[in-house]
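The file protein19.csv contains CSV, N, CA and C atoms and all ligand atoms:
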chain,number,residue,atom,x,y,z
A,24,PRO,N,64.7,48.9,66.5
A,24,PRO,CA,64.7,48.8,68.0
A,24,PRO,C,64.3,50.1,68.7
A,25,ALA,N,63.9,50.1,69.9
A,25,ALA,CA,63.5,51.3,70.6
A,25,ALA,C,64.7,52.1,70.8
A,26,ASP,N,64.6,53.4,70.8
A,26,ASP,CA,65.7,54.3,71.1
A,26,ASP,C,66.1,54.2,72.5
A,27,VAL,N,67.3,54.7,72.8
A,27,VAL,CA,67.9,54.5,74.2
A,27,VAL,C,67.0,55.1,75.3
A,28,GLU,N,66.4,56.2,75.0
A,28,GLU,CA,65.5,56.9,76.0
A,28,GLU,C,64.2,56.1,76.3
A,29,THR,N,63.6,55.6,75.2
A,29,THR,CA,62.4,54.8,75.3
A,29,THR,C,62.7,53.5,76.0
A,30,LEU,N,63.8,52.9,75.6
A,30,LEU,CA,64.2,51.7,76.3
A,30,LEU,C,64.5,51.9,77.7
A,31,GLY,N,65.1,53.0,78.1
A,31,GLY,CA,65.5,53.3,79.5
A,31,GLY,C,64.3,53.5,80.3
A,32,ARG,N,63.3,54.3,79.8
A,32,ARG,CA,62.1,54.6,80.6
A,32,ARG,C,61.3,53.3,80.8
A,33,GLY,N,61.2,52.5,79.8
A,33,GLY,CA,60.5,51.2,80.0
A,33,GLY,C,61.2,50.3,80.9
A,34,THR,N,62.5,50.3,80.9
A,34,THR,CA,63.3,49.4,81.7
A,34,THR,C,63.2,49.8,83.2
A,35,TRP,N,63.4,51.1,83.4
A,35,TRP,CA,63.3,51.6,84.8
A,35,TRP,C,61.9,51.4,85.4
A,36,THR,N,60.9,51.5,84.5
A,36,THR,CA,59.5,51.3,85.0
A,36,THR,C,59.4,49.8,85.4
A,37,LEU,N,59.9,48.9,84.6
A,37,LEU,CA,59.9,47.5,85.0
A,37,LEU,C,60.6,47.2,86.3
A,38,LEU,N,61.8,47.8,86.4
A,38,LEU,CA,62.7,47.5,87.5
A,38,LEU,C,62.1,48.0,88.8
A,39,HIS,N,61.7,49.3,88.8
A,39,HIS,CA,61.1,49.9,90.0
A,39,HIS,C,59.8,49.2,90.4
A,40,THR,N,59.1,48.8,89.4
A,40,THR,CA,57.8,48.1,89.7
A,40,THR,C,58.1,46.7,90.3
A,41,ILE,N,59.1,46.0,89.8
A,41,ILE,CA,59.5,44.8,90.4
A,41,ILE,C,59.9,45.0,91.9
A,42,ALA,N,60.7,46.1,92.1
A,42,ALA,CA,61.0,46.5,93.5
A,42,ALA,C,59.8,46.7,94.4
A,43,ALA,N,58.8,47.4,93.8
A,43,ALA,CA,57.6,47.7,94.5
A,43,ALA,C,56.8,46.5,94.9
A,44,GLN,N,56.9,45.4,94.2
A,44,GLN,CA,56.2,44.1,94.4
A,44,GLN,C,57.1,43.1,95.2
A,45,TYR,N,58.3,43.5,95.4
A,45,TYR,CA,59.3,42.5,96.0
A,45,TYR,C,58.9,42.4,97.5
A,46,PRO,N,59.0,41.2,98.1
A,46,PRO,CA,58.6,40.9,99.4
A,46,PRO,C,59.3,41.8,100.4
A,47,THR,N,58.7,42.1,101.5
A,47,THR,CA,59.3,42.8,102.6
A,47,THR,C,60.3,41.8,103.3
A,48,GLN,N,60.0,40.5,103.3
A,48,GLN,CA,60.9,39.5,103.9
A,48,GLN,C,61.1,38.4,102.9
A,49,PRO,N,62.0,38.7,101.9
A,49,PRO,CA,62.2,37.7,100.8
A,49,PRO,C,62.9,36.5,101.3
A,50,SER,N,62.6,35.4,100.6
A,50,SER,CA,63.3,34.1,100.9
A,50,SER,C,64.6,34.1,100.2
A,51,PRO,N,65.5,33.2,100.6
A,51,PRO,CA,66.8,33.1,100.0
A,51,PRO,C,66.6,32.9,98.4
A,52,GLY,N,65.7,32.1,98.0
A,52,GLY,CA,65.4,31.9,96.6
A,52,GLY,C,65.0,33.2,95.9
A,53,GLN,N,64.1,34.0,96.5
A,53,GLN,CA,63.7,35.3,95.9
A,53,GLN,C,64.9,36.2,95.8
A,54,GLN,N,65.8,36.2,96.8
A,54,GLN,CA,66.9,37.1,96.8
A,54,GLN,C,67.9,36.7,95.7
A,55,ALA,N,68.0,35.4,95.5
A,55,ALA,CA,68.9,34.8,94.4
A,55,ALA,C,68.3,35.2,93.1
A,56,ASP,N,67.0,35.2,92.9
A,56,ASP,CA,66.3,35.5,91.7
A,56,ASP,C,66.7,37.0,91.3
A,57,ILE,N,66.6,37.9,92.2
A,57,ILE,CA,66.9,39.3,91.9
A,57,ILE,C,68.3,39.5,91.5
A,58,LYS,N,69.2,38.9,92.3
A,58,LYS,CA,70.6,39.0,92.0
A,58,LYS,C,70.9,38.5,90.6
A,59,GLY,N,70.4,37.3,90.3
A,59,GLY,CA,70.6,36.7,89.0
A,59,GLY,C,70.0,37.5,87.9
A,60,PHE,N,68.8,38.0,88.1
A,60,PHE,CA,68.1,38.8,87.1
A,60,PHE,C,68.9,40.1,86.8
A,61,MET,N,69.4,40.8,87.8
A,61,MET,CA,70.2,42.0,87.6
A,61,MET,C,71.5,41.7,86.8
A,62,GLY,N,72.1,40.6,87.2
A,62,GLY,CA,73.4,40.3,86.5
A,62,GLY,C,73.1,39.9,85.0
A,63,ILE,N,72.1,39.2,84.8
A,63,ILE,CA,71.7,38.8,83.4
A,63,ILE,C,71.3,40.1,82.6
A,64,LEU,N,70.5,41.0,83.2
A,64,LEU,CA,70.1,42.2,82.6
A,64,LEU,C,71.3,43.0,82.2
A,65,SER,N,72.3,43.1,83.1
A,65,SER,CA,73.5,43.9,82.8
A,65,SER,C,74.3,43.4,81.6
A,66,ARG,N,74.1,42.1,81.3
A,66,ARG,CA,74.8,41.5,80.2
A,66,ARG,C,74.0,41.6,78.9
A,67,LEU,N,72.7,41.5,79.0
A,67,LEU,CA,71.8,41.5,77.8
A,67,LEU,C,71.3,42.9,77.4
A,68,TYR,N,71.4,43.9,78.3
A,68,TYR,CA,70.8,45.2,78.1
A,68,TYR,C,71.2,45.7,76.7
A,69,PRO,N,70.2,45.9,75.8
A,69,PRO,CA,70.5,46.2,74.4
A,69,PRO,C,70.9,47.7,74.1
A,70,CYS,N,71.7,48.3,75.0
A,70,CYS,CA,72.4,49.5,74.8
A,70,CYS,C,73.7,49.2,75.3
A,71,TRP,N,74.7,49.0,74.5
A,71,TRP,CA,75.9,48.3,75.0
A,71,TRP,C,76.8,49.2,75.9
A,72,VAL,N,76.8,50.5,75.6
A,72,VAL,CA,77.5,51.4,76.5
A,72,VAL,C,76.9,51.5,77.8
A,73,CYS,N,75.5,51.5,77.8
A,73,CYS,CA,74.8,51.5,79.1
A,73,CYS,C,75.1,50.2,79.9
A,74,ALA,N,75.1,49.1,79.2
A,74,ALA,CA,75.3,47.8,79.8
A,74,ALA,C,76.7,47.7,80.4
A,75,GLU,N,77.7,48.3,79.7
A,75,GLU,CA,79.1,48.2,80.2
A,75,GLU,C,79.2,49.0,81.5
A,76,ASP,N,78.6,50.2,81.6
A,76,ASP,CA,78.6,51.0,82.8
A,76,ASP,C,77.8,50.4,83.9
A,77,PHE,N,76.7,49.8,83.6
A,77,PHE,CA,75.9,49.1,84.6
A,77,PHE,C,76.6,47.9,85.2
A,78,GLN,N,77.4,47.2,84.4
A,78,GLN,CA,78.2,46.1,84.9
A,78,GLN,C,79.2,46.6,85.9
A,79,LYS,N,79.8,47.8,85.6
A,79,LYS,CA,80.8,48.4,86.5
A,79,LYS,C,80.1,48.8,87.8
A,80,PHE,N,78.9,49.4,87.7
A,80,PHE,CA,78.2,49.8,88.9
A,80,PHE,C,77.9,48.5,89.8
A,81,LEU,N,77.5,47.4,89.2
A,81,LEU,CA,77.2,46.2,89.9
A,81,LEU,C,78.4,45.7,90.6
A,82,ALA,N,79.5,45.8,90.0
A,82,ALA,CA,80.8,45.3,90.5
A,82,ALA,C,81.2,46.1,91.8
A,83,LYS,N,81.0,47.4,91.7
A,83,LYS,CA,81.4,48.2,92.9
A,83,LYS,C,80.2,48.3,94.0
A,84,SER,N,79.0,48.2,93.5
A,84,SER,CA,77.8,48.2,94.5
A,84,SER,C,76.9,47.0,94.3
A,85,PRO,N,77.3,45.9,94.9
A,85,PRO,CA,76.5,44.7,94.7
A,85,PRO,C,75.0,44.9,95.0
A,86,VAL,N,74.2,44.2,94.3
A,86,VAL,CA,72.7,44.3,94.5
A,86,VAL,C,72.4,44.0,96.0
A,87,ARG,N,71.5,44.8,96.6
A,87,ARG,CA,71.1,44.5,97.9
A,87,ARG,C,69.6,44.0,97.9
A,88,THR,N,69.4,42.9,98.5
A,88,THR,CA,68.1,42.2,98.3
A,88,THR,C,67.5,41.7,99.7
A,89,ALA,N,67.9,42.3,100.8
A,89,ALA,CA,67.5,41.8,102.1
A,89,ALA,C,66.0,42.1,102.3
A,90,SER,N,65.5,43.1,101.7
A,90,SER,CA,64.1,43.4,101.9
A,90,SER,C,63.6,44.3,100.7
A,91,ARG,N,62.3,44.6,100.6
A,91,ARG,CA,61.8,45.5,99.6
A,91,ARG,C,62.5,46.8,99.6
A,92,ASP,N,62.6,47.4,100.9
A,92,ASP,CA,63.2,48.7,101.0
A,92,ASP,C,64.7,48.7,100.6
A,93,ASP,N,65.3,47.6,101.0
A,93,ASP,CA,66.8,47.5,100.7
A,93,ASP,C,67.0,47.4,99.2
A,94,PHE,N,66.2,46.6,98.5
A,94,PHE,CA,66.3,46.5,97.0
A,94,PHE,C,65.9,47.8,96.4
A,95,GLY,N,64.8,48.4,96.8
A,95,GLY,CA,64.2,49.6,96.2
A,95,GLY,C,65.2,50.8,96.3
A,96,ARG,N,65.9,50.9,97.5
A,96,ARG,CA,66.9,52.0,97.7
A,96,ARG,C,68.1,51.7,96.9
A,97,TRP,N,68.5,50.5,96.8
A,97,TRP,CA,69.7,50.1,95.9
A,97,TRP,C,69.4,50.5,94.5
A,98,LEU,N,68.2,50.1,94.0
A,98,LEU,CA,67.9,50.4,92.6
A,98,LEU,C,67.8,51.9,92.4
A,99,CYS,N,67.3,52.7,93.4
A,99,CYS,CA,67.2,54.1,93.3
A,99,CYS,C,68.6,54.7,93.2
A,100,ALA,N,69.5,54.2,93.9
A,100,ALA,CA,70.9,54.6,93.8
A,100,ALA,C,71.5,54.3,92.5
A,101,ALA,N,71.2,53.1,91.9
A,101,ALA,CA,71.7,52.7,90.6
A,101,ALA,C,71.1,53.7,89.6
A,102,HIS,N,69.9,54.0,89.7
A,102,HIS,CA,69.2,55.0,88.7
A,102,HIS,C,69.8,56.4,88.9
A,103,ASN,N,70.1,56.8,90.1
A,103,ASN,CA,70.7,58.1,90.3
A,103,ASN,C,72.1,58.2,89.7
A,104,GLU,N,72.8,57.1,89.7
A,104,GLU,CA,74.2,57.1,89.1
A,104,GLU,C,74.0,57.4,87.6
A,105,VAL,N,73.0,56.8,87.0
A,105,VAL,CA,72.8,57.1,85.6
A,105,VAL,C,72.3,58.5,85.4
A,106,ASN,N,71.4,59.0,86.3
A,106,ASN,CA,71.0,60.4,86.2
A,106,ASN,C,72.1,61.3,86.3
A,107,GLU,N,73.1,61.0,87.2
A,107,GLU,CA,74.2,61.9,87.3
A,107,GLU,C,75.1,62.0,86.0
A,108,LYS,N,75.3,60.8,85.5
A,108,LYS,CA,76.1,60.7,84.2
A,108,LYS,C,75.4,61.5,83.1
A,109,LEU,N,74.1,61.5,83.1
A,109,LEU,CA,73.4,62.1,82.0
A,109,LEU,C,73.0,63.6,82.3
A,110,GLY,N,73.5,64.1,83.5
A,110,GLY,CA,73.1,65.5,83.9
A,110,GLY,C,71.7,65.7,84.3
A,111,LYS,N,71.0,64.6,84.7
A,111,LYS,CA,69.6,64.7,85.1
A,111,LYS,C,69.6,64.9,86.6
A,112,PRO,N,68.5,65.5,87.2
A,112,PRO,CA,68.5,65.7,88.7
A,112,PRO,C,68.5,64.4,89.5
A,113,GLN,N,69.1,64.5,90.7
A,113,GLN,CA,69.0,63.3,91.6
A,113,GLN,C,67.6,63.1,92.1
A,114,PHE,N,67.2,61.9,92.2
A,114,PHE,CA,65.9,61.6,92.8
A,114,PHE,C,66.0,61.3,94.3
A,115,ASP,N,65.1,61.8,95.1
A,115,ASP,CA,65.2,61.6,96.6
A,115,ASP,C,64.7,60.2,96.9
A,116,CYS,N,65.7,59.3,97.3
A,116,CYS,CA,65.4,57.9,97.4
A,116,CYS,C,64.4,57.6,98.6
A,117,ASN,N,64.2,58.6,99.5
A,117,ASN,CA,63.2,58.4,100.5
A,117,ASN,C,61.8,58.3,99.9
A,118,LEU,N,61.7,58.8,98.6
A,118,LEU,CA,60.4,58.8,98.0
A,118,LEU,C,60.1,57.7,97.0
A,119,TRP,N,61.1,56.7,96.9
A,119,TRP,CA,61.0,55.7,95.9
A,119,TRP,C,59.7,55.0,95.9
A,120,GLU,N,59.2,54.6,97.1
A,120,GLU,CA,58.1,53.8,97.3
A,120,GLU,C,56.8,54.6,97.0
A,121,GLU,N,56.8,55.8,97.4
A,121,GLU,CA,55.7,56.7,97.0
A,121,GLU,C,55.5,56.8,95.5
A,122,ARG,N,56.7,57.0,94.8
A,122,ARG,CA,56.7,57.1,93.4
A,122,ARG,C,56.2,55.8,92.7
A,123,TRP,N,56.7,54.7,93.2
A,123,TRP,CA,56.5,53.4,92.4
A,123,TRP,C,55.6,52.4,93.0
A,124,ARG,N,55.1,52.6,94.3
A,124,ARG,CA,54.2,51.6,94.8
A,124,ARG,C,52.9,52.2,95.2
A,125,THR,N,53.0,53.2,96.1
A,125,THR,CA,51.7,53.8,96.5
A,125,THR,C,51.2,54.8,95.5
A,126,GLY,N,52.2,55.3,94.7
A,126,GLY,CA,51.8,56.0,93.4
A,126,GLY,C,51.5,57.5,93.5
A,127,TRP,N,52.1,58.2,92.6
A,127,TRP,CA,51.7,59.6,92.3
A,127,TRP,C,51.8,59.8,90.8
A,128,LYS,N,51.2,60.9,90.3
A,128,LYS,CA,51.2,61.2,88.8
A,128,LYS,C,52.6,61.8,88.5
A,129,ASP,N,53.2,61.3,87.4
A,129,ASP,CA,54.5,61.8,86.9
A,129,ASP,C,54.3,63.2,86.3
A,201,LIG,P1,64.1,58.0,83.4
A,201,LIG,O1,65.5,58.2,83.9
A,201,LIG,O2,63.9,56.9,82.5
A,201,LIG,O3,63.2,57.8,84.7
A,201,LIG,C1,61.8,57.5,84.6
A,201,LIG,C2,61.1,58.0,85.8
A,201,LIG,O4,61.7,57.4,87.0
A,201,LIG,C3,61.3,59.5,86.1
A,201,LIG,O5,60.3,60.3,85.4
A,201,LIG,C4,61.2,59.6,87.6
A,201,LIG,O6,59.8,59.7,88.0
A,201,LIG,C5,61.6,58.3,88.1
A,201,LIG,N1,63.0,58.3,88.7
A,201,LIG,C6,64.1,59.1,88.2
A,201,LIG,N2,65.2,58.8,88.9
A,201,LIG,C7,64.8,57.8,89.8
A,201,LIG,C8,65.5,57.1,90.9
A,201,LIG,N3,66.8,57.3,91.1
A,201,LIG,N4,64.8,56.2,91.6
A,201,LIG,C9,63.5,56.0,91.4
A,201,LIG,N5,62.8,56.6,90.4
A,201,LIG,C10,63.4,57.5,89.7
A,201,LIG,N6,70.9,56.3,78.9
A,201,LIG,C11,72.0,56.9,78.3
A,201,LIG,O7,71.9,57.8,77.5
A,201,LIG,N7,73.3,56.4,78.7
A,201,LIG,C12,73.4,55.4,79.5
A,201,LIG,O8,74.6,54.9,79.8
A,201,LIG,C13,72.3,54.8,80.1
A,201,LIG,N8,72.4,53.8,81.0
A,201,LIG,C14,71.3,53.1,81.4
A,201,LIG,C15,71.4,52.0,82.2
A,201,LIG,C16,70.2,51.3,82.7
A,201,LIG,C17,70.4,50.1,83.5
A,201,LIG,C18,68.9,51.8,82.3
A,201,LIG,C19,67.7,51.1,82.8
A,201,LIG,C20,68.8,52.9,81.5
A,201,LIG,C21,70.0,53.6,81.1
A,201,LIG,N9,69.9,54.8,80.3
A,201,LIG,C22,71.0,55.3,79.8
A,201,LIG,C23,68.6,55.4,80.0
A,201,LIG,C24,68.3,56.6,81.0
A,201,LIG,O9,68.5,56.2,82.4
A,201,LIG,C25,66.9,57.1,80.9
A,201,LIG,O10,66.0,56.1,81.1
A,201,LIG,C26,66.5,57.9,79.6
A,201,LIG,O11,67.5,58.9,79.4
A,201,LIG,C27,65.1,58.5,79.7
A,201,LIG,O12,65.1,59.4,80.8
A,201,LIG,P2,63.9,60.1,81.5
A,201,LIG,O13,64.3,61.5,81.8
A,201,LIG,O14,62.7,59.9,80.6
A,201,LIG,O15,63.6,59.4,82.9
File written out as structure tokens:
Amino acid sequence: PADVETLGRGTWTLLHTIAAQYPTQPSPGQQADIKGFMGILSRLYPCWVCAEDFQKFLAKSPVRTASRDDFGRWLCAAHNEVNEKLGKPQFDCNLWEERWRTGWKD
């Protein structure tokens, strides 16, 4: 299996890219899809210690899905929580869309 870092980078890429394509005015069904997806991911994520902490984060900070920016900023905060745990720098969430939608080079 992929190591925890490779898995993490790939998963964050998928999640932030989903946020970047998420509608600015999502329907109730689209909002339910994101909530369901994040809940299932937190149970299936194949790094069990990561999954356990992510479930705790979801319990204290429920997924926000009202708009693209709402979900994108929630996801940025979730990622920052992991960054903090790992001693990585905090990402400025005002820049999430520039990083993941309109694009810059990493
Ligand atoms: P990553 O953290 O993978 O980030 C990739 C890129 O995203 C960065 O280069 C940056 O451009 C951008 N970015 C960084 N922060 C943000 C942000 N807040 N918002 C938007 N964009 C951002 N690893 C562990 O060792 N222990 C854990 O408990 C753990 N839990 C995890 C839980 C989840 C749900 C996920 C998806 C991953 C988890 N990981 C965990 C993996 C960890 O978060 C990193 O992915 C891994 O350490 C590789 O880090 P990286 O420095 O390459 O950049």
List every residue of segment 78-129 of chain A that DSSP, applied to the backbone, labels as helix (DSSP H, G or I), and write the result as an MDAnalysis selection string. chainID A and resid 78:83 91:108 116:126
Pull the closest atom pair for each residue of chain A that gets at most 5 Å from ligand LIG 201 (chain A), along with the distance in Å to one decimal, counting all atoms listed in the file, ordering rows by chain and then ascending residue number, as a tab-separated table.
residue	atom	partner	partner_atom	distance
A:Val27	C	A:LIG201	C23	5.0
A:Glu28	CA	A:LIG201	C26	3.9
A:Gly31	C	A:LIG201	O10	3.2
A:Arg32	CA	A:LIG201	O2	3.5
A:Thr34	C	A:LIG201	C19	4.7
A:Trp35	N	A:LIG201	C19	4.3
A:Val72	C	A:LIG201	O8	4.6
A:Cys73	CA	A:LIG201	O8	3.5
A:Cys99	CA	A:LIG201	N4	3.6
A:Ala100	N	A:LIG201	N3	5.0
A:His102	C	A:LIG201	N3	3.8
A:Asn103	N	A:LIG201	N3	3.5
A:Phe114	CA	A:LIG201	N3	4.7
Show which residues sit within 7 Å of segment 50-60 of chain A, as an NGL selection string. Count only C-alpha atoms, and ignore same-chain residues fewer than 4 positions away. :A and (64 or 86 or 88)
Could you pull out every residue with an atom within 6.5 Å of (66.7, 49.0, 74.8), file coordinates, counting only N, CA and C atoms, and send them as a PyMOL selection string? chain A and resi 25-27+29-31+68-70
Have a look at A:Arg122, A:Lys79, A:Gly62, A:Asn117 and name the one nearest to Val105 of chain A; count only C-alpha atoms. A:Lys79
With distances taken over only N, CA and C atoms, the candidate from A:Ala74, A:Ala101, A:Leu37, A:Ala43 nearest Thr125 of chain A is A:Ala43
Selection near Cys116 of chain A, 6.5 Å with only N, CA and C atoms, sequence-local residues under 3 positions removed, as a count of residues only: 4
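If you look at atom N of Thr47 of chain A and atom N of Arg91 of chain A, they are 4.5 Å away from each other.
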Record the distance separating atom CA of Gly110 of chain A and atom CA of Thr40 of chain A, expressed in Å with one decimal. 23.9 Å
